[in-house]
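One file, data_2.pdb, is given below (PDB, C-alpha atoms).
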```pdb
ATOM      1  CA  MET A   1     116.531  90.869 -55.359
ATOM      2  CA  CYS A   2     114.432  93.993 -55.096
ATOM      3  CA  ASN A   3     114.426  95.832 -51.764
ATOM      4  CA  THR A   4     110.787  96.818 -51.503
ATOM      5  CA  LYS A   5     108.401  96.947 -48.624
ATOM      6  CA  SER A   6     104.756  95.979 -48.614
ATOM      7  CA  ASP A   7     102.184  98.700 -48.273
ATOM      8  CA  VAL A   8     100.607  99.054 -44.862
ATOM      9  CA  PHE A   9      97.279  97.293 -44.702
ATOM     10  CA  LEU A  10      94.838  98.546 -42.084
ATOM     11  CA  PHE A  11      92.076  96.150 -41.155
ATOM     12  CA  ILE A  12      89.053  96.230 -38.953
ATOM     13  CA  SER A  13      88.981  93.629 -36.208
ATOM     14  CA  GLY A  14      86.488  90.809 -36.441
ATOM     15  CA  VAL A  15      85.406  88.353 -39.052
ATOM     16  CA  PRO A  16      83.698  89.732 -42.179
ATOM     17  CA  GLN A  17      80.156  88.492 -42.532
ATOM     18  CA  GLY A  18      79.717  86.413 -45.668
ATOM     19  CA  GLY A  19      83.442  86.065 -46.241
ATOM     20  CA  HIS A  20      84.729  82.761 -47.602
ATOM     21  CA  LEU A  21      86.884  82.126 -44.542
ATOM     22  CA  SER A  22      84.380  83.462 -42.010
ATOM     23  CA  PRO A  23      82.997  80.053 -40.906
ATOM     24  CA  LEU A  24      86.510  78.662 -40.465
ATOM     25  CA  LEU A  25      87.736  81.723 -38.588
ATOM     26  CA  PHE A  26      84.612  81.671 -36.439
ATOM     27  CA  SER A  27      85.267  78.013 -35.607
ATOM     28  CA  PHE A  28      88.822  78.814 -34.506
ATOM     29  CA  PHE A  29      87.601  81.791 -32.510
ATOM     30  CA  VAL A  30      84.861  79.979 -30.605
ATOM     31  CA  ASN A  31      86.774  76.733 -30.135
ATOM     32  CA  SER A  32      87.528  77.775 -26.565
ATOM     33  CA  ALA A  33      83.775  78.058 -25.840
ATOM     34  CA  ARG A  34      83.751  74.348 -24.984
ATOM     35  CA  THR A  35      85.919  75.089 -21.980
ATOM     36  CA  SER A  36      83.179  77.288 -20.514
ATOM     37  CA  LEU A  37      80.711  74.372 -20.410
ATOM     38  CA  LYS A  38      80.887  71.863 -17.568
ATOM     39  CA  HIS A  39      77.780  69.810 -18.271
ATOM     40  CA  SER A  40      76.527  70.591 -21.768
ATOM     41  CA  GLN A  41      77.720  69.813 -25.276
ATOM     42  CA  LEU A  42      78.388  72.428 -27.911
ATOM     43  CA  LEU A  43      77.317  71.956 -31.528
ATOM     44  CA  CYS A  44      78.699  74.498 -34.010
ATOM     45  CA  PHE A  45      77.785  75.057 -37.633
ATOM     46  CA  ALA A  46      78.969  78.106 -39.563
ATOM     47  CA  ASP A  47      78.095  81.024 -37.280
ATOM     48  CA  ASP A  48      75.497  79.176 -35.211
ATOM     49  CA  LEU A  49      75.988  77.499 -31.850
ATOM     50  CA  ASN A  50      73.781  75.028 -30.038
ATOM     51  CA  ILE A  51      74.252  74.189 -26.372
ATOM     52  CA  LEU A  52      72.779  70.758 -25.667
ATOM     53  CA  LEU A  53      71.893  68.994 -22.424
ATOM     54  CA  ARG A  54      69.360  66.282 -21.702
ATOM     55  CA  ILE A  55      67.032  67.364 -18.921
ATOM     56  CA  TYR A  56      65.745  64.666 -16.598
ATOM     57  CA  SER A  57      65.462  66.644 -13.356
ATOM     58  CA  VAL A  58      65.460  70.089 -11.796
ATOM     59  CA  ASP A  59      69.158  69.561 -11.092
ATOM     60  CA  ASP A  60      69.751  69.205 -14.845
ATOM     61  CA  CYS A  61      67.947  72.517 -15.402
ATOM     62  CA  LEU A  62      70.298  74.156 -12.912
ATOM     63  CA  LYS A  63      73.310  72.619 -14.670
ATOM     64  CA  LEU A  64      72.124  73.986 -18.000
ATOM     65  CA  GLN A  65      71.575  77.442 -16.521
ATOM     66  CA  ASP A  66      75.048  77.303 -14.971
ATOM     67  CA  ASP A  67      76.524  76.497 -18.395
ATOM     68  CA  LEU A  68      74.519  79.279 -20.054
ATOM     69  CA  ASN A  69      75.807  81.752 -17.454
ATOM     70  CA  SER A  70      79.387  80.510 -17.990
ATOM     71  CA  PHE A  71      78.992  80.772 -21.756
ATOM     72  CA  PHE A  72      77.681  84.326 -21.439
ATOM     73  CA  SER A  73      80.675  85.261 -19.261
ATOM     74  CA  TRP A  74      83.064  83.651 -21.750
ATOM     75  CA  ALA A  75      81.551  85.676 -24.595
ATOM     76  CA  GLU A  76      81.572  88.871 -22.564
ATOM     77  CA  ASP A  77      85.250  88.392 -21.627
ATOM     78  CA  LEU A  78      86.134  88.122 -25.330
ATOM     79  CA  GLY A  79      84.046  91.167 -26.253
ATOM     80  CA  LEU A  80      81.500  89.125 -28.197
ATOM     81  CA  THR A  81      77.916  90.278 -28.450
ATOM     82  CA  LEU A  82      75.287  87.570 -28.176
ATOM     83  CA  HIS A  83      72.060  88.201 -30.064
ATOM     84  CA  VAL A  84      69.668  87.017 -27.372
ATOM     85  CA  ASN A  85      66.677  87.832 -29.602
ATOM     86  CA  LYS A  86      67.912  85.118 -32.006
ATOM     87  CA  CYS A  87      68.258  82.504 -29.239
ATOM     88  CA  ARG A  88      65.725  79.704 -28.997
ATOM     89  CA  SER A  89      65.171  76.699 -26.804
ATOM     90  CA  ILE A  90      64.270  73.379 -28.378
ATOM     91  CA  VAL A  91      62.428  70.668 -26.502
ATOM     92  CA  PHE A  92      62.659  67.101 -27.746
ATOM     93  CA  THR A  93      60.129  64.483 -26.788
ATOM     94  CA  ILE A  94      60.286  60.805 -27.626
ATOM     95  CA  ASP A  95      58.194  61.151 -30.813
ATOM     96  CA  SER A  96      59.308  64.578 -32.010
ATOM     97  CA  THR A  97      61.530  65.525 -34.935
ATOM     98  CA  ILE A  98      63.001  69.034 -34.942
ATOM     99  CA  CYS A  99      64.727  70.675 -37.897
ATOM    100  CA  ASP A 100      67.622  72.927 -36.881
ATOM    101  CA  LEU A 101      70.564  74.126 -38.954
ATOM    102  CA  GLY A 102      69.165  72.104 -41.864
ATOM    103  CA  PHE A 103      69.386  68.806 -39.987
ATOM    104  CA  SER A 104      66.483  66.770 -38.640
ATOM    105  CA  PHE A 105      67.051  65.879 -34.995
ATOM    106  CA  THR A 106      65.175  63.267 -32.991
ATOM    107  CA  PHE A 107      65.142  62.465 -29.275
ATOM    108  CA  SER A 108      67.483  59.524 -29.870
ATOM    109  CA  HIS A 109      69.765  61.589 -32.163
ATOM    110  CA  CYS A 110      69.449  58.802 -34.727
ATOM    111  CA  PRO A 111      70.204  60.146 -38.229
ATOM    112  CA  ARG A 112      67.423  58.027 -39.822
ATOM    113  CA  ALA A 113      64.847  60.882 -39.913
ATOM    114  CA  HIS A 114      67.340  63.180 -41.621
ATOM    115  CA  ILE A 115      68.424  60.513 -44.112
ATOM    116  CA  ASP A 116      64.796  59.736 -44.968
ATOM    117  CA  LYS A 117      64.009  63.431 -45.480
ATOM    118  CA  ILE A 118      66.999  64.011 -47.768
ATOM    119  CA  THR A 119      66.337  60.794 -49.689
ATOM    120  CA  CYS A 120      62.722  61.810 -50.349
ATOM    121  CA  LYS A 121      63.863  65.221 -51.630
ATOM    122  CA  ALA A 122      66.432  63.613 -53.922
ATOM    123  CA  LEU A 123      63.921  61.156 -55.360
ATOM    124  CA  LYS A 124      61.385  63.907 -56.117
ATOM    125  CA  GLY A 125      63.792  66.041 -58.079
TER     126      GLY A 125
END
```

Could the structure of this file be written out as structure tokens, please?
Amino acid sequence: MCNTKSDVFLFISGVPQGGHLSPLLFSFFVNSARTSLKHSQLLCFADDLNILLRIYSVDDCLKLQDDLNSFFSWAEDLGLTLHVNKCRSIVFTIDSTICDLGFSFTFSHCPRAHIDKITCKALKG
């Protein structure tokens, strides 16, 4: 057996943007974000996060704001920078369909609208 040592490899902290493993590493890294939310759900896809809560009352608005504050603190504690200028709020009404992260969402969260949209695209091409 050869007694050789590996060369020292210096790396920059963080996850390289566009790297093949970046979405997976990001998922591992932000997995603990769920623990910062008491009332809302977290939906993750690649390097995007959605915080979801149905709003029926002013109390629900306060719960969502509490979760947003907790999420911000969680990110700050880990040294993450949130791009607030890229943040958006989405409002669903009973008859609306919203496209986000390439998926069509409806108020009922039924996948039918998304399936219909994808099916139409497939049949055209």

Explicit residues for the PyMOL selection byres ((chain A and resi 71) around 10) (as a count of residues only): 18

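In terms of minimum interatomic distance to Ile118 of chain A, A:Ser104 ranks closest within A:Thr4, A:Ser104, A:Asn31, A:Thr81, counting all atoms listed in the file.
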
Proximity to Cys61 of chain A - best of A:His39, A:Lys121, A:Ile94, A:Gly19, all atoms listed in the file: A:His39

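One finds atom CA of Phe105 of chain A at 23.8 Å from atom CA of Leu62 of chain A.
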
With 3 Å on each side, where is the centre of the axis-aligned box around all listed atoms of segment 75-93 of chain A, and how long are its edges in Å to one decimal, as lines of an AutoDock Vina configuration file?
```
center_x = 73.1
center_y = 77.8
center_z = -26.8
size_x = 32.0
size_y = 32.7
size_z = 16.4
```

What's around Lys117 of chain A at 10 Å? Count all atoms listed in the file, leave out sequence neighbours fewer than 5 positions away in its own chain, and write the answer as a short mmCIF file (atom, residue, chain, number, x, y, z; two decimals) with C-alpha atoms, in the frame of the given file.
```
data_model
loop_
_atom_site.label_atom_id
_atom_site.label_comp_id
_atom_site.auth_asym_id
_atom_site.auth_seq_id
_atom_site.Cartn_x
_atom_site.Cartn_y
_atom_site.Cartn_z
CA PHE A 103 69.39 68.81 -39.99
CA SER A 104 66.48 66.77 -38.64
CA ARG A 112 67.42 58.03 -39.82
CA ALA A 122 66.43 63.61 -53.92
#
```

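The closest residue to Pro23 of chain A, picked from A:Lys38, A:Cys44, A:Leu82, A:Val8 and counting only C-alpha atoms, is A:Cys44.
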
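In this structure, atom CA of Ser89 of chain A sits 9.3 Å away from atom CA of Asn50 of chain A.
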
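Atom CA of Arg54 of chain A to atom CA of His109 of chain A spans 11.5 Å [interatomic distance, one decimal].
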
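The residues caught by the PyMOL selection byres ((chain A and resi 107) around 12) in this file are Leu52, Leu53, Arg54, Ile55, Ile90, Val91, Phe92, Thr93, Ile94, Asp95, Ser96, Thr97, Ile98, Cys99, Ser104, Phe105, Thr106, Ser108, His109, Cys110, Pro111, Arg112 and Ala113 of chain A.
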
Got a minute to add N, CA, C and O atoms to segment 51-69 of chain A and dump it as a short mmCIF file (atom, residue, chain, number, x, y, z; two decimals), in the frame of the given file?
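Done, and the output landed in selection-v4.cif:
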```cif
data_model
loop_
_atom_site.label_atom_id
_atom_site.label_comp_id
_atom_site.auth_asym_id
_atom_site.auth_seq_id
_atom_site.Cartn_x
_atom_site.Cartn_y
_atom_site.Cartn_z
N ILE A 51 73.82 74.75 -27.64
CA ILE A 51 74.25 74.19 -26.37
C ILE A 51 73.22 73.14 -26.00
O ILE A 51 72.04 73.44 -25.89
N LEU A 52 73.68 71.89 -25.84
CA LEU A 52 72.78 70.76 -25.67
C LEU A 52 72.97 70.09 -24.31
O LEU A 52 74.10 69.85 -23.89
N LEU A 53 71.85 69.78 -23.66
CA LEU A 53 71.89 68.99 -22.42
C LEU A 53 70.55 68.30 -22.26
O LEU A 53 69.49 68.93 -22.40
N ARG A 54 70.60 67.01 -21.99
CA ARG A 54 69.36 66.28 -21.70
C ARG A 54 68.89 66.65 -20.30
O ARG A 54 69.67 66.64 -19.35
N ILE A 55 67.61 66.95 -20.20
CA ILE A 55 67.03 67.36 -18.92
C ILE A 55 66.15 66.25 -18.39
O ILE A 55 65.16 65.89 -19.03
N TYR A 56 66.54 65.70 -17.25
CA TYR A 56 65.74 64.67 -16.60
C TYR A 56 65.24 65.11 -15.24
O TYR A 56 64.37 64.47 -14.66
N SER A 57 65.80 66.22 -14.72
CA SER A 57 65.46 66.64 -13.36
C SER A 57 65.67 68.15 -13.21
O SER A 57 66.24 68.79 -14.10
N VAL A 58 65.25 68.67 -12.11
CA VAL A 58 65.46 70.09 -11.80
C VAL A 58 66.96 70.37 -11.70
O VAL A 58 67.44 71.42 -12.14
N ASP A 59 67.71 69.41 -11.18
CA ASP A 59 69.16 69.56 -11.09
C ASP A 59 69.77 69.76 -12.48
O ASP A 59 70.70 70.56 -12.65
N ASP A 60 69.27 69.04 -13.47
CA ASP A 60 69.75 69.20 -14.84
C ASP A 60 69.45 70.61 -15.37
O ASP A 60 70.26 71.19 -16.09
N CYS A 61 68.30 71.14 -15.01
CA CYS A 61 67.95 72.52 -15.40
C CYS A 61 68.95 73.50 -14.81
O CYS A 61 69.38 74.44 -15.49
N LEU A 62 69.32 73.28 -13.57
CA LEU A 62 70.30 74.16 -12.91
C LEU A 62 71.68 74.03 -13.56
O LEU A 62 72.39 75.03 -13.70
N LYS A 63 72.04 72.82 -13.97
CA LYS A 63 73.31 72.62 -14.67
C LYS A 63 73.32 73.35 -16.00
O LYS A 63 74.32 73.99 -16.37
N LEU A 64 72.22 73.28 -16.72
CA LEU A 64 72.12 73.99 -18.00
C LEU A 64 72.22 75.49 -17.78
O LEU A 64 72.94 76.18 -18.50
N GLN A 65 71.51 76.01 -16.79
CA GLN A 65 71.58 77.44 -16.52
C GLN A 65 72.98 77.87 -16.12
O GLN A 65 73.47 78.92 -16.54
N ASP A 66 73.67 77.02 -15.35
CA ASP A 66 75.05 77.30 -14.97
C ASP A 66 75.94 77.39 -16.22
O ASP A 66 76.76 78.30 -16.34
N ASP A 67 75.75 76.46 -17.16
CA ASP A 67 76.52 76.50 -18.40
C ASP A 67 76.18 77.71 -19.24
O ASP A 67 77.07 78.32 -19.85
N LEU A 68 74.91 78.09 -19.30
CA LEU A 68 74.52 79.28 -20.05
C LEU A 68 75.15 80.53 -19.46
O LEU A 68 75.64 81.41 -20.18
N ASN A 69 75.16 80.61 -18.13
CA ASN A 69 75.81 81.75 -17.45
C ASN A 69 77.31 81.78 -17.75
O ASN A 69 77.88 82.83 -18.01
#
```
